[in-house]
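Presented below is the structure to which this report refers.
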Amino acid sequence: MTKTISMLERALEMQKEIIDTRRYLHQNPELSFEEHETAKLSAERLKANGYQVSTQIAKTGVAADIGAGKTVAIRADMDALPINEENNVAYKSRKPGVMHACGHDAHVACGLAAAKLLSQENNLSGRIRMLMQPAEEDVDSEGKSGAKRMIEAGVMDGVSAVIGLHMDATLPAGKVAIMPGPVMAAADCFKAVIHGKGGHGGYPETTVDAVVLATTVVQAIQQIVSRRIAAIEPAIITVGSMLSSSVRGNVISDQVVLLGTVRSFNEETRKKLIDEIEKTCSIANVLGGSHSITWEFGYPATVNEPLVTEVMHRTACSLIGAENVVMIPKKTWAEDFSMLGQVAPGAFMFLGGEIAGDRRNHHTSKFDLDETGLYIGSAILAETAKELLKIQK
């Protein structure tokens with residue numbers, strides 16, 4: 001029997017432990033930078049498995065090493081979302097208004113199981129570094145997420161490769177998706193304020209109607225992707241909110257605030273979209289008004305490095321069969337794993353968790369997972385890390 005099959009079998013033997021861990025965390029969710037109990041549990045488990053553990057990194061993060069030499073990192077994000085759970089399950093969140101609505105509870109459970117599997121290896125070819133990361137879903141007062149803060153704390157120093165996974169509630173349990181190149185989008189937010197001159201609805205000729213200016217700007221923004229970006233390059237612009245200074249039908253607004261997001265998969269397109277939006281907002285100036293625009297730059301695109309991805313793909317095929325390792329369309333989600341991948345070559349896979357016949361949506365009050373394939377994620381992470389340590393550069 002091969003070693004790779006042995007790793008999968010060992011992970012399967014841990015299935016109850018993995019599910020129990022996921023359900024405990026699901027019952028006890030914690031928001032971004034508040035993951036104190038999740039971090040405590042992670043640190044205790046890692047210490048028990050022989051890891052050298054550092055805590056309170058990036059406030060609530062945990063980093064843990066085992067072995068020596070070349071370093072491969074495995075990342076799991078820990079935070080929940082400010083959503084009130086509506087599921088009627090035994091492991092329902094015990095915290096009103098907070099739930100694991102994106103699968104981070106499963107990420108931690110899979111990561112800790114992978115760490116345990118690797119701790120049982122007699123001859124690791126280097127060092128494994130577990131990164132239990134806070135705050136993927138949100139940023140602090142300086143606009144920095146958990147990944148950014150952990151990088152600043154030095155956890156990626158000396159790391160030759162970094163790997164991780166994300167649950168996918170639209171992918172059947174038992175399958176994984178592993179693709180090279182861009183797999184998740186960059187996401188940036190903008191606030192455009194369109195200024196006009198308000199007045200009485202009966203005398204529009206004496207005003208510069210900010211609503212008219214703003215609607216013209218919004219219509220023009222919708223043409224950026226179709227006319228300024230190549231058709232083969234994925235991009236999305238969403239104007240999700242239009243807030244007028246007037247709340248009366250007979251009062252012409254002097255100001256409208258537009259709130260939107262921009263999603264892209266490479267830096268050239270990202271910069272092009274930002275530039276085009278800023279140009280388009282200047283239409284307000286041409287029509288007699290003015291504008292201002294501010295940006296909140298979010299996570300960059302998550303890009304899977306070819307070599308690390310090839311190792312993960314090959315490993316997954318050997319463990320669960322090539323028929324269960326699939327390609328899926330790029331996700332327009334954004335993920336701060338992308339920042340880790342800018343420091344060291346990385347690969348990020350999607351682990352199937354679809355509830356057959358009852359598919360759930362991420363970031364909703366009804367989110368849940370089929371847990372039967374969680375052990376697969378742990379096995380692939382552990383075996384991929386082992387294989388990456390063997391590669392000589």
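Starting from 1 in every chain, residues are counted up; chains themselves are A, B, ... following the order of the structure tokens, and ligands are numbered from 1 as listed.
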
So which residues of segment 182-232 of chain A fall under helix (DSSP H, G or I) by DSSP, listed as a PyMOL selection string? chain A and resi 204-206+210-221+224-228

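For Leu287 of chain A, the list of residues within 10 Å, based on only C-alpha atoms and with local chain neighbours fewer than 6 positions off taken out, reads Gly196, Val208, Asp209, Val212, Leu213 and Thr216 of chain A.
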
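Compared by their closest atoms to Ala322 of chain A, and using only C-alpha atoms, the residues A:Glu37, A:Ser119, A:Ala48, A:Val176 rank with A:Val176 nearest.
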
Mind the document's chain letters and residue numbers, and return as a count of residues only the residues of segment 254-358 of chain A that DSSP labels strand (DSSP E or B). 32

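Residues surrounding Ser6 of chain A within 10 Å are A:Leu12, A:Leu319, A:Ala379 [only C-alpha atoms; sequence separation below 6 positions excluded].
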
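One distance worth recording is that between atom CA of Leu258 of chain A and atom CA of Glu136 of chain A, which is 25.7 Å.
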
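Atom CA of Ile328 of chain A is found 15.2 Å from atom CA of Phe265 of chain A.
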
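Minimum distance to Glu310 of chain A across A:Ala230, A:Leu388, A:Ile57, A:Ile237 (counting only C-alpha atoms) occurs at A:Leu388.
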
From the options A:Val239, A:Ala90, A:Leu41, A:Ala114, which residue's atoms come nearest to Gln27 of chain A, counting only C-alpha atoms? A:Ala90

List the spatial neighbours of Gly377 of chain A as a list in words - criterion: any atom at most 10 Å away, only C-alpha atoms, same-chain residues fewer than 6 positions off excluded. Leu8, Ala11, Ala106, His107, Ala109, Cys110, Gly111, Ala113, Ala114, Gly164, Leu165, His166, Met167, Gly174, Lys175, Val176, Ala316, Met349, Phe350, Leu351 and Gly352 of chain A

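Close contacts of segment 78-81 of chain A, defined as residues with an atom at most 8 Å away when counting only C-alpha atoms, with chain neighbours fewer than 3 positions off set aside, comprise Pro29, Glu30, Leu31, Ser32, Phe33, Glu34, Glu35, Thr38, Ala39, Val98, Met99, His100, Ala101, Cys102, His104, Asp105, His107, Val108, Met132, Gln133, Pro134, Ala135, Glu136, Glu137 and His363 of chain A.
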
So that each row is one residue of segment 18-116 of chain A with an atom at most 8 Å from segment 147-160 of chain A, can you give its shortest atom pair and the distance in Å to one decimal, using only C-alpha atoms, rows by chain and rising number, as a Markdown table?
```
| residue | atom | partner | partner_atom | distance |
| --- | --- | --- | --- | --- |
| A:Ile57 | CA | A:Met150 | CA | 6.5 |
| A:Ala58 | CA | A:Arg149 | CA | 5.2 |
| A:Gly61 | CA | A:Met150 | CA | 7.4 |
| A:Ala63 | CA | A:Val155 | CA | 7.0 |
| A:Lys70 | CA | A:Ser160 | CA | 6.9 |
| A:Thr71 | CA | A:Val159 | CA | 4.9 |
| A:Val72 | CA | A:Val159 | CA | 5.7 |
| A:Ala73 | CA | A:Val159 | CA | 6.5 |
```
